[in-house]
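Worksheet: one structure, shown below.
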Amino acid sequence: MSITREFTCFDLLKINNVNLDPLTENFGLPFYLQYLTKWPEMFQVNETISGRFKGYIMAKVEGNKENWHGHVTCLSVAPEFRRQGVSRLLMNEFEKISEIKNSWFCDLFVRVSNKIAFDMYTKFGYTVYRRVLDYYTGENDEDAFDMRKAMPRDVEKKSIIPLPHPVTADELD
C-alpha cells in the first residue's frame, strides 16, 4: 500500500534513496524549490504508509497556444520499488493534472541509451516526436528522445506528428 501526495519542502530531506540512483538526474536546491512554488500540484511523491519514498515526479505546464503542454522534468523510482507500478501511478496523476490544465500534449526527454525507460514510456502511450542532439551534456554527451503523448484536447493528434530530422537543444521551443 502507498500514498501519492504533493511534494513538500521537507521532502527534500527524504529523497536520497531515490536520488542516489545513477539513472536519476539531480538538481540544485533552488531548482526543486522553483517547482514547489510554481507547480506544486505537479510535483508528486509516492511513499509507503510508513513514509519511505518509493518515487517522485517533478513536472510543469508550459508553452502557449497549441504548444501548451505538461512536461515531465524528472520521474524517478527507488530501485527497491521498481516494476511495481509506481511510475505508472505517478504518470497517471501527471497526465490527469495536465488534462485539467487543458494541455494539448504531455512530453518528456529520455536518454537514447536508456532502453528500459524508453520501453516503459512507449507502453504508457508516448511516441518519439524528435531526437535532440547532445541534450545531455557532461562526461558523456548524449542525445535525447523528446517523447510525446497527445491529450484529449488534441483531437487530430497534430502535436505528436514526428519531426523528420533531429534538432539541437538551442532549437527547442
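Chain labels A, B, ... are given in the sequence in which chains occur in the C-alpha cells; within each chain residues are numbered consecutively from 1, and ligands are likewise numbered from 1 in the order shown.
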Residues near stretch 62-75 of chain A, cut-off 9 Å, only C-alpha atoms, skip fewer than 3 positions along chain, as a PDB file with C-alpha atoms, in the first residue's frame:
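That gives us around06.pdb:
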```pdb
ATOM      1  CA  THR A  24      18.365   9.847 -11.712  1.00  0.00           C
ATOM      2  CA  GLU A  25      19.150  13.415 -12.726  1.00  0.00           C
ATOM      3  CA  ASN A  26      19.985  15.521  -9.679  1.00  0.00           C
ATOM      4  CA  MET A  42       2.645  18.696 -10.484  1.00  0.00           C
ATOM      5  CA  GLY A  55       9.405   7.612  -6.151  1.00  0.00           C
ATOM      6  CA  TYR A  56       8.526  11.093  -7.292  1.00  0.00           C
ATOM      7  CA  ILE A  57       7.631  13.098 -10.359  1.00  0.00           C
ATOM      8  CA  MET A  58       8.608  16.715 -10.918  1.00  0.00           C
ATOM      9  CA  ALA A  59       6.653  18.306 -13.751  1.00  0.00           C
ATOM     10  CA  SER A  87       5.923   5.069 -12.411  1.00  0.00           C
ATOM     11  CA  LEU A  90       2.806   8.947 -10.941  1.00  0.00           C
ATOM     12  CA  MET A  91       2.456   9.367 -14.714  1.00  0.00           C
ATOM     13  CA  PHE A  94       0.637  13.914 -14.045  1.00  0.00           C
ATOM     14  CA  GLU A  95      -1.465  13.270 -17.167  1.00  0.00           C
ATOM     15  CA  ILE A  97      -3.465  17.224 -13.967  1.00  0.00           C
ATOM     16  CA  SER A  98      -2.151  18.128 -17.445  1.00  0.00           C
ATOM     17  CA  GLU A  99      -5.574  17.379 -18.901  1.00  0.00           C
ATOM     18  CA  LYS A 101      -4.913  22.330 -17.166  1.00  0.00           C
ATOM     19  CA  ASN A 102      -6.116  21.960 -20.774  1.00  0.00           C
ATOM     20  CA  SER A 103      -2.793  20.762 -22.228  1.00  0.00           C
ATOM     21  CA  TRP A 104      -2.552  19.743 -25.865  1.00  0.00           C
ATOM     22  CA  PHE A 105       0.051  17.077 -25.085  1.00  0.00           C
ATOM     23  CA  CYS A 106       2.466  15.786 -22.469  1.00  0.00           C
ATOM     24  CA  ASP A 107       6.157  15.384 -23.142  1.00  0.00           C
ATOM     25  CA  LEU A 108       9.414  14.266 -21.589  1.00  0.00           C
ATOM     26  CA  PHE A 109      13.023  13.707 -22.580  1.00  0.00           C
ATOM     27  CA  MET A 151      -4.117  14.773 -24.671  1.00  0.00           C
ATOM     28  CA  ASP A 154      -5.650  17.435 -29.465  1.00  0.00           C
ATOM     29  CA  SER A 159       1.135  17.588 -31.523  1.00  0.00           C
ATOM     30  CA  ASP A 173      10.662  25.631 -28.253  1.00  0.00           C
TER      31      ASP A 173
END
```
TODO: Could you give me, as a list in words, the residues within 12 Å of A:Tyr129, counting only C-alpha atoms and dropping anything in the same chain fewer than 4 positions from it?
DONE: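 So the residues in contact are Phe105, Cys106, Asp107, Leu108, Phe109, Val110, Thr122, Ala144, Phe145, Asp146, Met147, Arg148, Lys149, Ala150, Lys157, Lys158, Ser159, Ile160, Ile161, Pro162, Leu163, Pro164, His165, Pro166, Val167 and Leu172 of chain A.
With only C-alpha atoms as the atoms that count, the minimum distance from A:Cys9 to the choices A:Gly125, A:Gly51, A:Pro40, A:Gly138 is reached by A:Pro40.
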TODO: From a DSSP calculation on the backbone, collect every residue of chain A in strand (DSSP E or B) and output the set as a ChimeraX atom specification.
DONE: /A:2-6,43-48,53-62,69-77,105-111,127-136,142-150,167-168
Task: Atomic distance atom CA of A:Val18 - atom CA of A:Thr168, expressed in Å with one decimal - done: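 These two atoms are separated by 29.7 Å.
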Task: Atom pair atom CA of A:Val86 / atom CA of A:Glu41: separation (Å) - done: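 Spanning atom CA of A:Val86 to atom CA of A:Glu41 is a straight-line distance of 17.5 Å.
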TODO: Taking the DSSP assignment computed from this structure's backbone, write out as a VMD selection string all residues of stretch 16-115 of chain A that belong to alpha helix (DSSP H).
DONE: chain A and resid 16 to 19 29 to 38 86 to 100 115
TODO: Please provide as a PyMOL selection string all residues within 7 Å of A:Tyr135, with the sequence filter that same-chain residues fewer than 4 positions apart are discarded (counting only C-alpha atoms).
DONE: chain A and resi 142-144+169
Could you dump the residues just selected with N, CA, C and O atoms as a JSON list (two decimals), in the first residue's frame?
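Listing of out.json after writing:
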```
[["chain", "number", "residue", "atom", "x", "y", "z"],
["A", 142, "GLU", "N", 25.13, 13.03, -24.69],
["A", 142, "GLU", "CA", 24.22, 12.04, -25.25],
["A", 142, "GLU", "C", 22.97, 12.72, -25.80],
["A", 142, "GLU", "O", 22.49, 13.72, -25.25],
["A", 143, "ASP", "N", 22.43, 12.14, -26.86],
["A", 143, "ASP", "CA", 21.18, 12.62, -27.44],
["A", 143, "ASP", "C", 20.01, 12.19, -26.57],
["A", 143, "ASP", "O", 20.12, 11.27, -25.76],
["A", 144, "ALA", "N", 18.90, 12.88, -26.76],
["A", 144, "ALA", "CA", 17.66, 12.54, -26.07],
["A", 144, "ALA", "C", 16.55, 12.35, -27.09],
["A", 144, "ALA", "O", 16.58, 12.94, -28.18],
["A", 169, "ALA", "N", 19.57, 21.39, -28.92],
["A", 169, "ALA", "CA", 18.92, 21.94, -27.73],
["A", 169, "ALA", "C", 18.57, 23.42, -27.92],
["A", 169, "ALA", "O", 17.56, 23.89, -27.41]]
```
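Proximity ranking of A:Lys123, A:Arg111, A:Arg88, A:Lys38 relative to A:Val61 places A:Lys38 first, based on only C-alpha atoms.
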Task: Of the listed residues A:Tyr121, A:Phe27, A:Tyr32, A:Phe10, that which approaches A:Asn92 most closely, counting only C-alpha atoms - done: A:Tyr121
- [ ] Do a neighbour search on A:Ile15 at 10 Å with only C-alpha atoms, toss out local chain neighbours closer than 6 positions, and write the hits as a list of chain:residue names.
- [x]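 Here the qualifying residues turn out to be A:Val45, A:Arg52, A:Phe53, A:Lys54, A:Gly55, A:Tyr56, A:Ala78.
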Task: Gap from atom CA of A:Phe7 to atom CA of A:Phe118 - Å, one decimal - done: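 The value is 25.3 Å.
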